[in-house]
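Quick look at run_32.pdb (PDB, C-alpha atoms, pLDDT in the B column):
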```pdb
ATOM      1  CA  MET O 409      30.590 114.931 120.290  1.00 71.00           C
ATOM      2  CA  SER O 410      29.209 111.632 119.081  1.00 81.00           C
ATOM      3  CA  TYR O 411      28.957 110.151 115.618  1.00 89.00           C
ATOM      4  CA  ALA O 412      26.429 107.856 113.999  1.00 93.00           C
ATOM      5  CA  PRO O 413      27.485 104.203 113.750  1.00 96.00           C
ATOM      6  CA  ILE O 414      29.274 103.241 110.533  1.00 96.00           C
ATOM      7  CA  ALA O 415      28.554 100.038 108.638  1.00 96.00           C
ATOM      8  CA  LEU O 416      31.564  98.252 107.175  1.00 97.00           C
ATOM      9  CA  PRO O 417      30.843  95.554 104.578  1.00 96.00           C
ATOM     10  CA  ARG O 418      32.078  92.063 105.429  1.00 96.00           C
ATOM     11  CA  HIS O 419      34.439  91.940 102.419  1.00 96.00           C
ATOM     12  CA  LEU O 420      36.274  95.079 103.614  1.00 97.00           C
ATOM     13  CA  VAL O 421      36.485  93.814 107.201  1.00 96.00           C
ATOM     14  CA  ASN O 422      37.881  90.503 105.949  1.00 95.00           C
ATOM     15  CA  GLN O 423      40.453  92.304 103.772  1.00 96.00           C
ATOM     16  CA  LEU O 424      41.633  94.474 106.671  1.00 96.00           C
ATOM     17  CA  LEU O 425      41.934  91.560 109.087  1.00 95.00           C
ATOM     18  CA  HIS O 426      43.684  89.357 106.516  1.00 95.00           C
ATOM     19  CA  TYR O 427      46.123  92.133 105.618  1.00 96.00           C
ATOM     20  CA  ALA O 428      46.937  92.736 109.315  1.00 95.00           C
ATOM     21  CA  GLN O 429      47.468  89.010 109.908  1.00 94.00           C
ATOM     22  CA  SER O 430      49.757  88.769 106.885  1.00 94.00           C
ATOM     23  CA  SER O 431      52.212  91.157 108.578  1.00 93.00           C
ATOM     24  CA  PRO O 432      51.933  90.449 112.322  1.00 92.00           C
ATOM     25  CA  GLU O 433      55.280  92.034 113.253  1.00 94.00           C
ATOM     26  CA  GLN O 434      54.815  95.296 111.350  1.00 96.00           C
ATOM     27  CA  GLU O 435      52.054  97.862 111.089  1.00 97.00           C
ATOM     28  CA  ILE O 436      50.088  97.648 107.874  1.00 98.00           C
ATOM     29  CA  CYS O 437      48.404 100.734 106.442  1.00 98.00           C
ATOM     30  CA  GLY O 438      46.278 102.034 103.621  1.00 98.00           C
ATOM     31  CA  LEU O 439      43.149 103.876 102.559  1.00 98.00           C
ATOM     32  CA  ILE O 440      39.521 102.978 102.017  1.00 98.00           C
ATOM     33  CA  GLY O 441      37.616 104.686  99.260  1.00 98.00           C
ATOM     34  CA  GLY O 442      33.892 105.249  99.350  1.00 98.00           C
ATOM     35  CA  LYS O 443      30.937 106.368  97.272  1.00 97.00           C
ATOM     36  CA  HIS O 444      27.909 108.226  98.564  1.00 95.00           C
ATOM     37  CA  GLY O 445      29.224 108.009 102.134  1.00 93.00           C
ATOM     38  CA  GLN O 446      29.603 104.211 102.023  1.00 95.00           C
ATOM     39  CA  PRO O 447      32.952 102.382 102.123  1.00 97.00           C
ATOM     40  CA  THR O 448      33.638 100.435  98.942  1.00 96.00           C
ATOM     41  CA  THR O 449      37.303  99.670  98.238  1.00 97.00           C
ATOM     42  CA  CYS O 450      40.385  98.779 100.306  1.00 97.00           C
ATOM     43  CA  TYR O 451      43.725 100.122  99.072  1.00 98.00           C
ATOM     44  CA  PRO O 452      46.726  98.687 100.953  1.00 98.00           C
ATOM     45  CA  ILE O 453      49.760 100.993 100.871  1.00 98.00           C
ATOM     46  CA  ARG O 454      53.355 100.142 101.743  1.00 98.00           C
ATOM     47  CA  ASN O 455      54.475 101.259 105.221  1.00 98.00           C
ATOM     48  CA  THR O 456      57.673 103.309 104.857  1.00 98.00           C
ATOM     49  CA  ALA O 457      58.094 104.270 108.528  1.00 97.00           C
ATOM     50  CA  ASP O 458      61.606 104.067 109.988  1.00 96.00           C
ATOM     51  CA  ASP O 459      60.201 101.886 112.798  1.00 96.00           C
ATOM     52  CA  PRO O 460      57.397  99.870 111.098  1.00 96.00           C
ATOM     53  CA  GLU O 461      56.962  97.651 114.166  1.00 94.00           C
ATOM     54  CA  ARG O 462      55.561 100.663 116.062  1.00 93.00           C
ATOM     55  CA  ARG O 463      54.657 103.315 113.472  1.00 95.00           C
ATOM     56  CA  TYR O 464      53.172 103.686 110.037  1.00 96.00           C
ATOM     57  CA  ARG O 465      53.824 106.085 107.214  1.00 97.00           C
ATOM     58  CA  LEU O 466      51.952 105.777 103.947  1.00 97.00           C
ATOM     59  CA  ASP O 467      54.388 105.480 101.062  1.00 98.00           C
ATOM     60  CA  PRO O 468      54.032 108.965  99.488  1.00 97.00           C
ATOM     61  CA  GLU O 469      54.119 107.772  95.866  1.00 98.00           C
ATOM     62  CA  GLN O 470      51.560 105.004  96.455  1.00 98.00           C
ATOM     63  CA  HIS O 471      49.420 107.383  98.540  1.00 97.00           C
ATOM     64  CA  ILE O 472      49.172 109.843  95.651  1.00 98.00           C
ATOM     65  CA  GLY O 473      48.511 107.008  93.194  1.00 98.00           C
ATOM     66  CA  VAL O 474      45.690 105.631  95.337  1.00 98.00           C
ATOM     67  CA  LEU O 475      44.078 109.074  95.688  1.00 98.00           C
ATOM     68  CA  ARG O 476      44.241 109.406  91.880  1.00 98.00           C
ATOM     69  CA  ALA O 477      42.724 105.919  91.408  1.00 98.00           C
ATOM     70  CA  MET O 478      39.913 106.794  93.815  1.00 98.00           C
ATOM     71  CA  ARG O 479      39.171 110.010  91.955  1.00 97.00           C
ATOM     72  CA  GLU O 480      39.089 108.118  88.634  1.00 97.00           C
ATOM     73  CA  LYS O 481      36.593 105.620  90.114  1.00 97.00           C
ATOM     74  CA  GLY O 482      34.405 108.404  91.524  1.00 98.00           C
ATOM     75  CA  GLU O 483      35.384 107.524  95.101  1.00 98.00           C
ATOM     76  CA  GLN O 484      36.262 109.811  97.979  1.00 97.00           C
ATOM     77  CA  LEU O 485      38.562 109.127 100.917  1.00 98.00           C
ATOM     78  CA  PHE O 486      36.434 107.254 103.468  1.00 98.00           C
ATOM     79  CA  ALA O 487      38.989 105.905 105.934  1.00 98.00           C
ATOM     80  CA  ILE O 488      42.650 105.504 106.773  1.00 98.00           C
ATOM     81  CA  PHE O 489      43.595 102.191 108.332  1.00 98.00           C
ATOM     82  CA  HIS O 490      46.585 100.735 110.100  1.00 98.00           C
ATOM     83  CA  SER O 491      47.394  97.986 112.571  1.00 97.00           C
ATOM     84  CA  HIS O 492      48.949  97.802 116.002  1.00 96.00           C
ATOM     85  CA  PRO O 493      50.870  94.512 116.274  1.00 94.00           C
ATOM     86  CA  ALA O 494      51.532  94.856 120.005  1.00 92.00           C
ATOM     87  CA  ALA O 495      49.215  97.615 121.234  1.00 92.00           C
ATOM     88  CA  PRO O 496      45.469  98.106 121.724  1.00 93.00           C
ATOM     89  CA  ALA O 497      43.223  99.272 118.870  1.00 96.00           C
ATOM     90  CA  GLU O 498      43.253 102.914 119.915  1.00 95.00           C
ATOM     91  CA  PRO O 499      45.133 105.918 118.526  1.00 97.00           C
ATOM     92  CA  SER O 500      48.618 106.411 119.942  1.00 95.00           C
ATOM     93  CA  ALA O 501      49.966 109.886 120.692  1.00 94.00           C
ATOM     94  CA  THR O 502      51.837 109.694 117.370  1.00 94.00           C
ATOM     95  CA  ASP O 503      48.671 108.634 115.516  1.00 95.00           C
ATOM     96  CA  LEU O 504      46.875 111.683 116.928  1.00 96.00           C
ATOM     97  CA  GLU O 505      49.754 114.043 116.193  1.00 93.00           C
ATOM     98  CA  LEU O 506      50.095 112.919 112.565  1.00 91.00           C
ATOM     99  CA  ALA O 507      46.362 112.697 111.734  1.00 94.00           C
ATOM    100  CA  ALA O 508      45.910 114.920 108.690  1.00 91.00           C
ATOM    101  CA  TYR O 509      42.401 114.101 107.423  1.00 91.00           C
ATOM    102  CA  PRO O 510      39.732 115.188 109.936  1.00 89.00           C
ATOM    103  CA  GLU O 511      36.965 114.123 107.514  1.00 91.00           C
ATOM    104  CA  ALA O 512      38.249 110.531 107.380  1.00 95.00           C
ATOM    105  CA  LEU O 513      37.460 107.641 109.672  1.00 97.00           C
ATOM    106  CA  TYR O 514      40.579 106.149 111.268  1.00 98.00           C
ATOM    107  CA  LEU O 515      40.431 102.359 111.557  1.00 98.00           C
ATOM    108  CA  ILE O 516      42.859 100.464 113.784  1.00 98.00           C
ATOM    109  CA  VAL O 517      43.303  96.700 113.884  1.00 97.00           C
ATOM    110  CA  SER O 518      44.979  95.290 116.991  1.00 96.00           C
ATOM    111  CA  LEU O 519      46.788  91.966 116.932  1.00 92.00           C
ATOM    112  CA  ASP O 520      47.525  92.376 120.655  1.00 86.00           C
ATOM    113  CA  THR O 521      44.657  90.097 121.640  1.00 76.00           C
ATOM    114  CA  GLN O 522      44.108  86.495 122.639  1.00 73.00           C
ATOM    115  CA  GLY O 523      43.267  84.889 119.305  1.00 70.00           C
ATOM    116  CA  VAL O 524      40.652  87.408 118.096  1.00 77.00           C
ATOM    117  CA  LEU O 525      41.642  90.534 116.212  1.00 87.00           C
ATOM    118  CA  GLU O 526      40.118  93.809 117.334  1.00 93.00           C
ATOM    119  CA  LEU O 527      38.937  96.492 114.885  1.00 96.00           C
ATOM    120  CA  ARG O 528      37.886  99.934 116.138  1.00 97.00           C
ATOM    121  CA  GLY O 529      37.096 103.229 114.416  1.00 98.00           C
ATOM    122  CA  PHE O 530      37.779 106.824 115.430  1.00 98.00           C
ATOM    123  CA  ARG O 531      37.260 110.356 114.210  1.00 96.00           C
ATOM    124  CA  ILE O 532      40.213 112.629 114.967  1.00 95.00           C
ATOM    125  CA  ASP O 533      39.329 116.309 114.945  1.00 86.00           C
ATOM    126  CA  GLY O 534      41.472 119.361 114.178  1.00 83.00           C
ATOM    127  CA  GLU O 535      42.354 119.597 117.869  1.00 89.00           C
ATOM    128  CA  LYS O 536      43.843 116.076 117.671  1.00 91.00           C
ATOM    129  CA  ARG O 537      41.185 114.509 119.874  1.00 92.00           C
ATOM    130  CA  ALA O 538      39.885 111.026 119.092  1.00 96.00           C
ATOM    131  CA  VAL O 539      36.239 110.052 119.446  1.00 95.00           C
ATOM    132  CA  GLU O 540      35.341 106.400 118.998  1.00 97.00           C
ATOM    133  CA  VAL O 541      32.752 105.587 116.346  1.00 97.00           C
ATOM    134  CA  GLU O 542      30.654 102.444 116.656  1.00 97.00           C
ATOM    135  CA  LEU O 543      31.373 100.042 113.812  1.00 97.00           C
ATOM    136  CA  LEU O 544      28.627  97.796 112.458  1.00 96.00           C
ATOM    137  CA  LEU O 545      30.465  94.889 110.916  1.00 89.00           C
ATOM    138  CA  GLY O 546      28.564  93.350 108.037  1.00 79.00           C
TER
END
```
Rewrite the structure of this file - the entire thing - as structure tokens.
Amino acid sequence: MSYAPIALPRHLVNQLLHYAQSSPEQEICGLIGGKHGQPTTCYPIRNTADDPERRYRLDPEQHIGVLRAMREKGEQLFAIFHSHPAAPAEPSATDLELAAYPEALYLIVSLDTQGVLELRGFRIDGEKRAVEVELLLG
């Protein structure tokens, strides 16, 4: 299965990259809200994983609060994002196993590069398979 390319506005890309760079030793995470199928707002959420250097877990209280804020702004869940400080920008086995929103885009920022951050997007289906989605960075 293939998916149409997804355009990400420059301000969202900059926010994601800045957020990842601000915590280079730990995975960052959060949600992106959207309207009419277009991404609009970045919502960073605290990572409460036991091993935040290699895993992410959205803080449950913040997660619920962000979903409420999105609903109040007329937004829907567009994407879930996190970073990989020392791994490529592709879903790990744990990322696939824990993916709970098949309708969402999964964005991964890798800091495991030579000076340039990498941002890639994936759809993860109900069978826990990842398909890369081309990102058009605005």
Picked residues, the PyMOL selection byres ((chain O and resi 542) around 12), as an NGL selection string: :O and (410-416 or 513-515 or 527-531 or 539-541 or 543-545)
Produce a file of the selected residues containing C-alpha atoms, as a compact mmCIF listing (two decimals), in the coordinates of the input.
```
# COMPACT_ATOMS: atom_id res chain seq x y z
CA SER O 410 29.21 111.63 119.08
CA TYR O 411 28.96 110.15 115.62
CA ALA O 412 26.43 107.86 114.00
CA PRO O 413 27.48 104.20 113.75
CA ILE O 414 29.27 103.24 110.53
CA ALA O 415 28.55 100.04 108.64
CA LEU O 416 31.56 98.25 107.18
CA LEU O 513 37.46 107.64 109.67
CA TYR O 514 40.58 106.15 111.27
CA LEU O 515 40.43 102.36 111.56
CA LEU O 527 38.94 96.49 114.88
CA ARG O 528 37.89 99.93 116.14
CA GLY O 529 37.10 103.23 114.42
CA PHE O 530 37.78 106.82 115.43
CA ARG O 531 37.26 110.36 114.21
CA VAL O 539 36.24 110.05 119.45
CA GLU O 540 35.34 106.40 119.00
CA VAL O 541 32.75 105.59 116.35
CA LEU O 543 31.37 100.04 113.81
CA LEU O 544 28.63 97.80 112.46
CA LEU O 545 30.46 94.89 110.92
```
field: Residues in the PyMOL selection byres ((chain O and resi 486-503) around 9), expressed as an MDAnalysis selection string
entry: chainID O and resid 424 428 431:443 445:448 452 461:464 483:485 504:507 509 511:521 526:530 538 540
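From atom CA of O:Val474 back to atom CA of O:Ile453, the distance works out to 8.3 Å.
Of the residues under consideration (O:Cys450, O:Val524, O:Ala457, O:Ala508), O:Cys450 shows the shortest atom-to-atom contact distance to O:Arg418 when counting all atoms listed in the file.
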task = Could you tell me how far atom CA of O:Gly473 lies from atom CA of O:Lys536, in Å and to one decimal?
result =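 Computing it gives 26.5 Å between the two atoms.
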As a check of understanding: the span from atom CA of O:Glu480 to atom CA of O:Pro417 is 21.9 Å
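In terms of minimum interatomic distance to O:Gly482, O:His444 ranks closest within O:His444, O:Gln470, O:Leu425, O:Thr456, counting all atoms listed in the file.
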Could you write out as JSON the box around stretch 446-461 of chain O (axis-aligned, all atoms listed in the file, 6 Å on each side), with centre and edge lengths in Å to one decimal?
```
{"center_x": 45.6, "center_y": 101.0, "center_z": 106.2, "size_x": 44.0, "size_y": 18.6, "size_z": 27.9}
```
**OP:** Counting all atoms listed in the file, figure out which residue out of O:Ile532, O:Leu466, O:Leu525, O:Met409 gets nearest to O:Asn422.
**Re:**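 For O:Asn422, the nearest of the given residues is O:Leu525.
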For stretch 492-532 of chain O of the structure just presented, write C-alpha atoms to a file, as a PDB file, in the first residue's frame.
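File written: decode.pdb
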```
ATOM      1  CA  HIS O 492      15.610   8.704  18.150  1.00  0.00           C
ATOM      2  CA  PRO O 493      18.769  10.180  19.710  1.00  0.00           C
ATOM      3  CA  ALA O 494      21.013   7.306  18.621  1.00  0.00           C
ATOM      4  CA  ALA O 495      19.031   5.349  16.026  1.00  0.00           C
ATOM      5  CA  PRO O 496      17.786   5.893  12.467  1.00  0.00           C
ATOM      6  CA  ALA O 497      14.483   7.664  11.760  1.00  0.00           C
ATOM      7  CA  GLU O 498      12.494   4.465  11.352  1.00  0.00           C
ATOM      8  CA  PRO O 499      10.064   2.695  13.686  1.00  0.00           C
ATOM      9  CA  SER O 500      11.678   0.317  16.162  1.00  0.00           C
ATOM     10  CA  ALA O 501      10.048  -2.997  17.061  1.00  0.00           C
ATOM     11  CA  THR O 502       8.747  -1.307  20.227  1.00  0.00           C
ATOM     12  CA  ASP O 503       7.376   1.643  18.228  1.00  0.00           C
ATOM     13  CA  LEU O 504       5.461  -0.799  16.018  1.00  0.00           C
ATOM     14  CA  GLU O 505       4.215  -2.872  18.942  1.00  0.00           C
ATOM     15  CA  LEU O 506       2.918   0.151  20.871  1.00  0.00           C
ATOM     16  CA  ALA O 507       1.386   2.041  17.913  1.00  0.00           C
ATOM     17  CA  ALA O 508      -2.231   2.631  18.903  1.00  0.00           C
ATOM     18  CA  TYR O 509      -3.526   5.144  16.336  1.00  0.00           C
ATOM     19  CA  PRO O 510      -3.623   3.618  12.831  1.00  0.00           C
ATOM     20  CA  GLU O 511      -5.211   6.813  11.443  1.00  0.00           C
ATOM     21  CA  ALA O 512      -2.283   8.964  12.614  1.00  0.00           C
ATOM     22  CA  LEU O 513       0.963   9.720  10.848  1.00  0.00           C
ATOM     23  CA  TYR O 514       4.010   8.711  12.897  1.00  0.00           C
ATOM     24  CA  LEU O 515       6.885  11.183  12.597  1.00  0.00           C
ATOM     25  CA  ILE O 516      10.392  10.264  13.741  1.00  0.00           C
ATOM     26  CA  VAL O 517      13.320  12.651  14.055  1.00  0.00           C
ATOM     27  CA  SER O 518      16.775  11.066  14.135  1.00  0.00           C
ATOM     28  CA  LEU O 519      19.721  12.816  15.744  1.00  0.00           C
ATOM     29  CA  ASP O 520      21.936   9.878  14.727  1.00  0.00           C
ATOM     30  CA  THR O 521      23.280  11.728  11.701  1.00  0.00           C
ATOM     31  CA  GLN O 522      26.327  13.739  10.724  1.00  0.00           C
ATOM     32  CA  GLY O 523      25.183  17.280  11.462  1.00  0.00           C
ATOM     33  CA  VAL O 524      21.789  17.169   9.698  1.00  0.00           C
ATOM     34  CA  LEU O 525      18.685  15.921  11.462  1.00  0.00           C
ATOM     35  CA  GLU O 526      16.516  13.423   9.629  1.00  0.00           C
ATOM     36  CA  LEU O 527      12.698  13.543   9.705  1.00  0.00           C
ATOM     37  CA  ARG O 528      10.638  10.694   8.236  1.00  0.00           C
ATOM     38  CA  GLY O 529       6.947   9.795   8.340  1.00  0.00           C
ATOM     39  CA  PHE O 530       5.179   6.439   8.528  1.00  0.00           C
ATOM     40  CA  ARG O 531       1.710   4.964   8.650  1.00  0.00           C
ATOM     41  CA  ILE O 532       1.463   1.959  10.966  1.00  0.00           C
TER      42      ILE O 532
END
```
